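Asker: Okay, handing you the structure first.
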Amino acid sequence: MTLLLISLTLSCGPQSPPQTAAVPTPAAPPVAPQRAWLHTEHGVERSDPWYWMKDRNDPQVIAYLEAENAYTDQMTADSQPLRQALYDEMLGRIQEDDAGVPWQDGDYLYFWRTAEGQSYPLLCRRPADQPDAPDVVLLDENARAEGLDYYDLGTWAVSPDQTLLAVAEDTTGREIYTVRILDLETGTWRPDTLADASPSLVWANDSQTLFYTSMDDALRPYQLWRHELGQAQADDASLFSEPDERFWLHLERTRSDEFLLAVLGSSITSEVLVLDADEPQAMWTPIRPRRQGVEYEVSHHGDAFLLRTNACVDDAGIQGDCALNFKVESQPITGEADPTEWMAHRPSVMLEQLDAFADHLVITERTNGLLSLRIHDFATGDEHTVALPEAAYEIWSEANAVYDTSQFRFGYSSMVTPESVFDWNVETRTRALLKEQPVLGDYDRAAYTTSRLWAAAPDGVQVPVTVVHRTDVPLDGTAPMIMTGYGAYGVPYDPYFTVTRLPLLDRGVVFAIAHVRGGGDLGRGWYEDGKYLNKQNTFTDFIAVTEHLVAQGYAAPDRVAIYGGSAGGMLMGALANQRPELYAGIVAQVPFVDVVTTMMDETIPLTVIEWEEWGDPHDRTYFDAMLAYSPYDNVTAQDYPPMLITSGLNDPRVQYWEPTKWTARLRATGTGDSLLLLKTHMGAGHSGASGLYGYLEDRAFTWAFLLGCLGVRS
């Protein structure tokens with residue numbers, strides 16, 4: 001992609017007003033050297049002259065990334081005033097001195113607190129029976145992150161006797177964690193240090209035994225360990241190693257506190273091992289044997305495990321995965337009787353989650369794209385549904401650590417309603433608002449409108465889309481629009497509120513989420529219709545939504561910009577190749593774009609795990625399907641829209657070389673004079689900069705680029 005050596009006013013980014021004085025000439029973009037490399041698979045040859053970029057120890061790799069960063073800094077220098085304005089507006093909406101709603105766990109109330117000028121929150125607690133007792137800070141993430149370029153608290157777990165706090169911390173973005181243990185009575189860190197761990201921890205009920213997992217060379221959590229306080233990590237007991245590279249291992253604790261669970265899962269198969277939490281030296285045993293294509297999740301109630309599963313059961317036992325949208329089975333803890341069907345499969349309802357309590361079960365389910373909460377009384381069998389007020393929204397289970405309670409705490413938000421926390425009383429069937437996240441700056445939700453629309457895909461399938469805009473924005477085909485989507489792993493993209501979106505809306509931008517196939521927005525079938533050989537549906541769904549919104553007057557035909565990350569970055573890459581003229585600008589964040597090469601290479605972290613999502617290209621059928629849409633392999637000599645591509649040098653999920661190689665190929669192959677930028681975080685991973693202020697800086701940079709593409713200059 002060439003760049004005309006003229007004034008910066010041609011770049012896709014906020015521009016300074018016209019000047020009579022000479023305008024600095026932009027630098028030529030970096031040129032990545034080409035070294036001949038030919039892939040040959042199934043008799044198909046693919047030239048990959050930037051394959052050498054996989055070697056992070058090659059000085060030319062780092063030099064090239066730094067050159068691209070310098071080029072990006074220069075080409076976006078004139079957007080600094082808008083970036084600063086966006087940053088200030090976003091930060092100005094956030095109440096920095098704030099505290100979350102406390103939740104009870106044992107004898108204490110726990111909560112997070114934030115403070116002005118601090119990037120990270122503080123974990124605090126106070127005695128549950130002493131409401132006037134002073135709060136005690138258990139963990140100050142700011143202190144833990146001091147002097148570090150990156151910090152992530154992957155998980156934390158308080159011991160059952162509530163005297164110890166185990167934390168898993170990552171300081172590189174590589175998602176390799178170190179576990180440390182804090183003595184909450186003395187405030188000192190114990191010498192126990194567990195290196196090369198994953199963020200998955202559970203305590204046994206003796207508060208002296210901690211179970212954790214470690215990772216293999218592919219950064220896959222695969223090995224279960226038992227650590228006894230005071231012993232060296234080298235003396236920890238190795239309890240289980242998962243040999244199948246498709247499976248991840250993570251640990252859970254049942255709400256009843258009676259059992260610990262070791263959950264083994266691939267994209268389409270699962271197995272759960274269980275341990276009595278009172279017997280840490282005992283053997284972990286499977287609740288149900290592993291069967292290919294059969295998934296199950298476990299909750300505990302009374303003398304049975306409740307299994308959310310897609311399996312069918314008959315006299316011969318488990319037979320396949322016919323309950324596409326999942327159902328519930330009850331399996332005796334003793335294993336002496338066969339499981340029974342507790343709630344039947346319903347083809348039109350996706351069973352999302354079970355939350356079991358002593359007297360009731362909360363069932364989260366999805367119908368026609370929207371979530372709902374159904375409450376089941378174990379004693380009477382009576383059921384009722386929690387009423388929710390808006391046409392499109394997001395709900396989730398909040399901290400519900402107490403097993404014997406009549407309250408269920410859930411979170412709620414929509415595109416216009418800030419994050420809110422409610423308690424639902426299952427006996428009185430009443431809802432109590434505990435907190436709505438404050439939005440500073442006289443936020444008036446009535447000034448904004450959100451709606452759920454439907455667009456027809458090329459095959460006639462109706463694709464949902466959620467839209468939000470200021471009420472006073474004319475829907476006459478003149479407004480700028482920013483769209484996003486994801487469409488992978490069966491993950492729904494539920495509409496949620498964020499203050500970072502308000503600067504866009506207040507500048508007259510219409511914002512839309514395309515709920516494309518490959519996600520889980522309309523149930524498991526929606527996911528399967530957008531994966532494997534059906535992946536093209538993800539891309540054509542997004543295109544159909546774009547064209548529908550333009551046709552309905554929500555956006556000007558030449559003023560639609562889009563962004564997406566990771567698998568959503570792949571979506572952006574496919575759209576750039578397939579319909580470049582449709583978009584005024586694209587931001588692809590840590591994009592998975594070199595699909596075929598990555599999926600062919602089993603040495604790359606997480607590749608084998610991904611075969612059940614994208615397919616294994618060693619099979620010619622999947623190879624051909626991937627090759628048809630892989631963004632890197634389908635770059636052609638055509639005009640591309642302005643693009644910003646982001647990457648993380650330490651990213652274990654999408655390796656840095658994918659967006660880097662893609663940028664190099666776009667520069668060498670694409671035509672036209674549109675701006676192409678690559679921005680690499682040299683000390684971070686998949687999630688970009690850590691901490692509140694780093695996140696806001698990244699968001700302001702992205703928004704400024706997209707707004708510039710839409711002609712919004714201030």
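Within each chain, counting starts at residue 1; across the structure tokens, chains are named A, B, ... in the order shown, with ligands numbered 1 upward in that order.
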Go through region 610-691 of chain A residue by residue and, counting only C-alpha atoms, keep those with an atom at most 12 Å from region 105-123 of chain A; for each kept residue give the shortest atom pair and its distance in Å to one decimal, ordered by chain and increasing number, as a Markdown table.

Answerer:
```
| residue | atom | partner | partner_atom | distance |
| --- | --- | --- | --- | --- |
| A:Ala689 | CA | A:Ser119 | CA | 11.0 |
| A:Ser690 | CA | A:Ser119 | CA | 8.3 |
| A:Gly691 | CA | A:Ser119 | CA | 4.7 |
```

Asker: Please list as a list in words every residue within 12 Å of Asn205 (chain A), counting only C-alpha atoms and excluding residues in the same chain fewer than 5 positions away.

Answerer: Val158, Ser159, Pro160, Asp161, Gln162, Leu210, Phe211, Arg253, Thr254, Ser256, Asp257, Glu258, Phe259, Leu260, Leu275, Asp276, Ala277, Asp278, Glu279, Pro280 and Gln281 of chain A

Asker: Determine the nearest neighbour of Asp616 (chain A) from the options A:Arg366, A:Gly490, A:Arg246, A:Gln34, counting only C-alpha atoms.

Answerer: A:Arg246

Asker: Using only C-alpha atoms, can you tell me which of A:Tyr151, A:Phe247, A:Tyr71, A:Trp526 comes closest to Leu692 (chain A)?

Answerer: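 Smallest distance to Leu692 (chain A) is found for A:Tyr151.
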
Asker: For CA of Ala311 (chain A) and CA of Leu273 (chain A), quote the distance in Å rounded to one decimal.

Answerer: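 Between CA of Ala311 (chain A) and CA of Leu273 (chain A) the gap is 17.6 Å.
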
Asker: Which neighbours of Gln407 (chain A) fall inside 8 Å, counting only C-alpha atoms, when residues of the same chain fewer than 3 positions from it are skipped, and could you give them as an mmCIF file with N, CA and C atoms, in the first residue's frame?

Answerer:
```
data_model
loop_
_atom_site.group_PDB
_atom_site.id
_atom_site.type_symbol
_atom_site.label_atom_id
_atom_site.label_comp_id
_atom_site.auth_asym_id
_atom_site.auth_seq_id
_atom_site.Cartn_x
_atom_site.Cartn_y
_atom_site.Cartn_z
ATOM 1 N N ASP A 423 -30.380 -6.949 44.214
ATOM 2 C CA ASP A 423 -30.698 -8.153 44.972
ATOM 3 C C ASP A 423 -32.130 -8.544 44.657
ATOM 4 N N TRP A 424 -32.328 -9.804 44.294
ATOM 5 C CA TRP A 424 -33.671 -10.326 44.058
ATOM 6 C C TRP A 424 -34.030 -11.253 45.215
ATOM 7 N N ASN A 425 -35.128 -10.921 45.906
ATOM 8 C CA ASN A 425 -35.600 -11.767 47.003
ATOM 9 C C ASN A 425 -36.503 -12.843 46.416
ATOM 10 N N VAL A 426 -36.062 -14.087 46.492
ATOM 11 C CA VAL A 426 -36.798 -15.166 45.838
ATOM 12 C C VAL A 426 -38.085 -15.507 46.576
#
```

Asker: CA of Leu649 (chain A) and CA of Leu675 (chain A) are how many Å apart?

Answerer: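 A separation of 22.5 Å between them.
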
Asker: So which bits of region 286-481 of chain A end up strand (DSSP E) when you DSSP the backbone, as a PyMOL selection string?

Answerer: chain A and resi 286+296-301+304-309+313-314+317-318+327-332+340-343+349-356+360-367+370-377+383-385+394-397+407-413+420-425+430-436+448-456+462-470+481

Asker: Which residues are near region 51-53 of chain A? Cut-off 12 Å, only C-alpha atoms, ignore same chain within fewer than 4 positions. Put them as a PyMOL selection string.

Answerer: chain A and resi 32-39+46-47+57-65+594+597-598+632+649+655-665

Asker: Give the answer as one residue: which of A:Asp506, A:Glu436, A:Glu528, A:Glu271 has the shortest atom-to-atom distance to Met90 (chain A), using only C-alpha atoms?

Answerer: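 Smallest distance to Met90 (chain A) is found for A:Asp506.
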
Asker: Would you pick out the contacts of Gln223 (chain A) at 8 Å or less, using only C-alpha atoms, so that residues sharing its chain but fewer than 3 positions from it are not included, and give the list as a list in words?

Answerer: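 In the requested format, the answer is Thr213, Ser214, Met215, Ser238, Leu239, Phe240, Ser241, Glu242 and Leu249 of chain A.
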
Asker: Would you compute the distance between CA of Ala304 (chain A) and CA of Pro243 (chain A)? Give it in Å to one decimal.

Answerer: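 Going from CA of Ala304 (chain A) over to CA of Pro243 (chain A), I get 29.5 Å.
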
Asker: Please provide as number ranges by chain all residues within 8 Å of Thr538 (chain A), with the sequence filter that same-chain residues fewer than 6 positions apart are discarded (counting only C-alpha atoms).

Answerer: A: 487, 516-518, 530, 571

Asker: Using N, CA and C atoms, can you write the selected residues to a file as an mmCIF file, in the first residue's frame?

Answerer:
```
data_model
loop_
_atom_site.group_PDB
_atom_site.id
_atom_site.type_symbol
_atom_site.label_atom_id
_atom_site.label_comp_id
_atom_site.auth_asym_id
_atom_site.auth_seq_id
_atom_site.Cartn_x
_atom_site.Cartn_y
_atom_site.Cartn_z
ATOM 1 N N GLY A 487 -18.297 -12.764 16.939
ATOM 2 C CA GLY A 487 -18.712 -13.915 16.150
ATOM 3 C C GLY A 487 -17.801 -15.119 16.216
ATOM 4 N N VAL A 516 -23.401 -11.371 15.030
ATOM 5 C CA VAL A 516 -23.235 -12.256 13.878
ATOM 6 C C VAL A 516 -23.100 -13.710 14.307
ATOM 7 N N ARG A 517 -23.342 -14.602 13.357
ATOM 8 C CA ARG A 517 -23.194 -16.034 13.620
ATOM 9 C C ARG A 517 -21.729 -16.380 13.941
ATOM 10 N N GLY A 518 -21.579 -17.395 14.749
ATOM 11 C CA GLY A 518 -20.282 -17.730 15.319
ATOM 12 C C GLY A 518 -20.250 -17.378 16.791
ATOM 13 N N GLY A 530 -21.669 -20.507 12.400
ATOM 14 C CA GLY A 530 -20.620 -19.546 12.079
ATOM 15 C C GLY A 530 -19.230 -20.064 12.403
ATOM 16 N N LEU A 571 -12.457 -10.928 11.848
ATOM 17 C CA LEU A 571 -13.637 -10.418 11.151
ATOM 18 C C LEU A 571 -13.301 -9.132 10.410
#
```

Asker: From a DSSP pass on the backbone, collect the residues of region 40-142 of chain A flagged as alpha helix (DSSP H) and hand them back as number ranges by chain.

Answerer: A: 59-75, 80-93, 141-142

Asker: Write a file of the selected residues as an mmCIF file, in the first residue's frame, keeping N, CA and C atoms.

Answerer:
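Ended up saving to result28.cif:
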```
data_model
loop_
_atom_site.group_PDB
_atom_site.id
_atom_site.type_symbol
_atom_site.label_atom_id
_atom_site.label_comp_id
_atom_site.auth_asym_id
_atom_site.auth_seq_id
_atom_site.Cartn_x
_atom_site.Cartn_y
_atom_site.Cartn_z
ATOM 1 N N PRO A 59 17.082 -9.216 15.561
ATOM 2 C CA PRO A 59 17.077 -7.767 15.808
ATOM 3 C C PRO A 59 16.230 -6.987 14.815
ATOM 4 N N GLN A 60 16.106 -7.509 13.602
ATOM 5 C CA GLN A 60 15.318 -6.795 12.600
ATOM 6 C C GLN A 60 13.827 -6.781 12.952
ATOM 7 N N VAL A 61 13.368 -7.793 13.705
ATOM 8 C CA VAL A 61 11.963 -7.825 14.097
ATOM 9 C C VAL A 61 11.649 -6.665 15.029
ATOM 10 N N ILE A 62 12.436 -6.531 16.090
ATOM 11 C CA ILE A 62 12.197 -5.453 17.046
ATOM 12 C C ILE A 62 12.407 -4.101 16.377
ATOM 13 N N ALA A 63 13.414 -4.004 15.532
ATOM 14 C CA ALA A 63 13.671 -2.742 14.832
ATOM 15 C C ALA A 63 12.485 -2.357 13.961
ATOM 16 N N TYR A 64 11.910 -3.345 13.286
ATOM 17 C CA TYR A 64 10.751 -3.055 12.436
ATOM 18 C C TYR A 64 9.547 -2.614 13.266
ATOM 19 N N LEU A 65 9.281 -3.304 14.372
ATOM 20 C CA LEU A 65 8.153 -2.929 15.223
ATOM 21 C C LEU A 65 8.336 -1.517 15.773
ATOM 22 N N GLU A 66 9.547 -1.204 16.174
ATOM 23 C CA GLU A 66 9.802 0.143 16.699
ATOM 24 C C GLU A 66 9.668 1.193 15.603
ATOM 25 N N ALA A 67 10.076 0.844 14.387
ATOM 26 C CA ALA A 67 9.918 1.783 13.269
ATOM 27 C C ALA A 67 8.441 2.020 12.969
ATOM 28 N N GLU A 68 7.645 0.956 13.016
ATOM 29 C CA GLU A 68 6.206 1.121 12.798
ATOM 30 C C GLU A 68 5.586 1.986 13.902
ATOM 31 N N ASN A 69 6.003 1.773 15.140
ATOM 32 C CA ASN A 69 5.479 2.589 16.234
ATOM 33 C C ASN A 69 5.843 4.057 16.046
ATOM 34 N N ALA A 70 7.079 4.304 15.635
ATOM 35 C CA ALA A 70 7.499 5.690 15.405
ATOM 36 C C ALA A 70 6.703 6.317 14.267
ATOM 37 N N TYR A 71 6.469 5.543 13.220
ATOM 38 C CA TYR A 71 5.676 6.034 12.095
ATOM 39 C C TYR A 71 4.244 6.339 12.530
ATOM 40 N N THR A 72 3.674 5.441 13.320
ATOM 41 C CA THR A 72 2.321 5.677 13.835
ATOM 42 C C THR A 72 2.277 6.930 14.682
ATOM 43 N N ASP A 73 3.284 7.126 15.541
ATOM 44 C CA ASP A 73 3.321 8.334 16.373
ATOM 45 C C ASP A 73 3.350 9.585 15.507
ATOM 46 N N GLN A 74 4.150 9.573 14.448
ATOM 47 C CA GLN A 74 4.247 10.758 13.596
ATOM 48 C C GLN A 74 2.938 11.011 12.843
ATOM 49 N N MET A 75 2.367 9.953 12.290
ATOM 50 C CA MET A 75 1.187 10.130 11.453
ATOM 51 C C MET A 75 -0.069 10.456 12.257
ATOM 52 N N GLN A 80 -3.471 14.444 18.512
ATOM 53 C CA GLN A 80 -3.271 14.528 19.950
ATOM 54 C C GLN A 80 -4.318 15.394 20.651
ATOM 55 N N PRO A 81 -4.686 16.557 20.115
ATOM 56 C CA PRO A 81 -5.720 17.349 20.806
ATOM 57 C C PRO A 81 -7.042 16.592 20.955
ATOM 58 N N LEU A 82 -7.468 15.876 19.914
ATOM 59 C CA LEU A 82 -8.709 15.115 20.022
ATOM 60 C C LEU A 82 -8.536 13.939 20.975
ATOM 61 N N ARG A 83 -7.389 13.255 20.898
ATOM 62 C CA ARG A 83 -7.152 12.155 21.826
ATOM 63 C C ARG A 83 -7.216 12.631 23.271
ATOM 64 N N GLN A 84 -6.614 13.786 23.524
ATOM 65 C CA GLN A 84 -6.642 14.313 24.884
ATOM 66 C C GLN A 84 -8.061 14.667 25.300
ATOM 67 N N ALA A 85 -8.819 15.246 24.364
ATOM 68 C CA ALA A 85 -10.207 15.598 24.673
ATOM 69 C C ALA A 85 -11.029 14.345 24.971
ATOM 70 N N LEU A 86 -10.851 13.315 24.159
ATOM 71 C CA LEU A 86 -11.574 12.060 24.388
ATOM 72 C C LEU A 86 -11.187 11.442 25.728
ATOM 73 N N TYR A 87 -9.899 11.420 26.010
ATOM 74 C CA TYR A 87 -9.419 10.879 27.280
ATOM 75 C C TYR A 87 -10.030 11.636 28.451
ATOM 76 N N ASP A 88 -9.987 12.952 28.371
ATOM 77 C CA ASP A 88 -10.526 13.775 29.463
ATOM 78 C C ASP A 88 -12.027 13.558 29.631
ATOM 79 N N GLU A 89 -12.742 13.427 28.519
ATOM 80 C CA GLU A 89 -14.189 13.211 28.603
ATOM 81 C C GLU A 89 -14.510 11.864 29.236
ATOM 82 N N MET A 90 -13.770 10.829 28.844
ATOM 83 C CA MET A 90 -14.020 9.508 29.421
ATOM 84 C C MET A 90 -13.683 9.491 30.910
ATOM 85 N N LEU A 91 -12.496 9.987 31.234
ATOM 86 C CA LEU A 91 -12.096 10.012 32.639
ATOM 87 C C LEU A 91 -13.028 10.895 33.451
ATOM 88 N N GLY A 92 -13.495 11.984 32.844
ATOM 89 C CA GLY A 92 -14.390 12.902 33.540
ATOM 90 C C GLY A 92 -15.750 12.315 33.848
ATOM 91 N N ARG A 93 -16.088 11.212 33.206
ATOM 92 C CA ARG A 93 -17.356 10.532 33.491
ATOM 93 C C ARG A 93 -17.228 9.503 34.621
ATOM 94 N N GLU A 141 -3.497 -3.295 44.572
ATOM 95 C CA GLU A 141 -2.888 -3.643 43.290
ATOM 96 C C GLU A 141 -1.914 -2.568 42.820
ATOM 97 N N ASN A 142 -2.142 -1.319 43.207
ATOM 98 C CA ASN A 142 -1.231 -0.244 42.810
ATOM 99 C C ASN A 142 0.161 -0.480 43.386
#
```

Asker: Neighbours of Ser372 (chain A) within 9 Å (only C-alpha atoms; same-chain residues fewer than 4 positions away dropped), as a ChimeraX atom specification?

Answerer: /A:363-367,385-388,395

Asker: Atoms to include: N, CA and C atoms. Write the selected residues as a PDB file, in the first residue's frame.

Answerer:
```pdb
ATOM      1  N   ILE A 363     -31.831 -20.086  37.119  1.00  0.00           N
ATOM      2  CA  ILE A 363     -31.569 -20.586  35.767  1.00  0.00           C
ATOM      3  C   ILE A 363     -31.458 -19.385  34.835  1.00  0.00           C
ATOM      4  N   THR A 364     -30.279 -19.189  34.265  1.00  0.00           N
ATOM      5  CA  THR A 364     -30.092 -18.128  33.275  1.00  0.00           C
ATOM      6  C   THR A 364     -30.274 -18.740  31.894  1.00  0.00           C
ATOM      7  N   GLU A 365     -31.197 -18.193  31.129  1.00  0.00           N
ATOM      8  CA  GLU A 365     -31.488 -18.755  29.810  1.00  0.00           C
ATOM      9  C   GLU A 365     -31.656 -17.635  28.790  1.00  0.00           C
ATOM     10  N   ARG A 366     -31.547 -17.998  27.526  1.00  0.00           N
ATOM     11  CA  ARG A 366     -31.566 -17.019  26.441  1.00  0.00           C
ATOM     12  C   ARG A 366     -32.628 -17.431  25.427  1.00  0.00           C
ATOM     13  N   THR A 367     -33.539 -16.489  25.158  1.00  0.00           N
ATOM     14  CA  THR A 367     -34.605 -16.707  24.189  1.00  0.00           C
ATOM     15  C   THR A 367     -34.618 -15.563  23.195  1.00  0.00           C
ATOM     16  N   THR A 385     -40.152 -15.728  37.042  1.00  0.00           N
ATOM     17  CA  THR A 385     -39.145 -15.072  36.212  1.00  0.00           C
ATOM     18  C   THR A 385     -38.935 -13.648  36.694  1.00  0.00           C
ATOM     19  N   VAL A 386     -37.693 -13.200  36.691  1.00  0.00           N
ATOM     20  CA  VAL A 386     -37.356 -11.829  37.072  1.00  0.00           C
ATOM     21  C   VAL A 386     -37.670 -10.912  35.896  1.00  0.00           C
ATOM     22  N   ALA A 387     -38.495  -9.929  36.114  1.00  0.00           N
ATOM     23  CA  ALA A 387     -38.870  -8.996  35.048  1.00  0.00           C
ATOM     24  C   ALA A 387     -37.716  -8.035  34.768  1.00  0.00           C
ATOM     25  N   LEU A 388     -37.439  -7.817  33.489  1.00  0.00           N
ATOM     26  CA  LEU A 388     -36.372  -6.905  33.072  1.00  0.00           C
ATOM     27  C   LEU A 388     -36.968  -5.865  32.124  1.00  0.00           C
ATOM     28  N   ILE A 395     -27.262  -9.122  31.430  1.00  0.00           N
ATOM     29  CA  ILE A 395     -27.375  -9.474  32.837  1.00  0.00           C
ATOM     30  C   ILE A 395     -26.317 -10.509  33.177  1.00  0.00           C
TER      31      ILE A 395
END
```
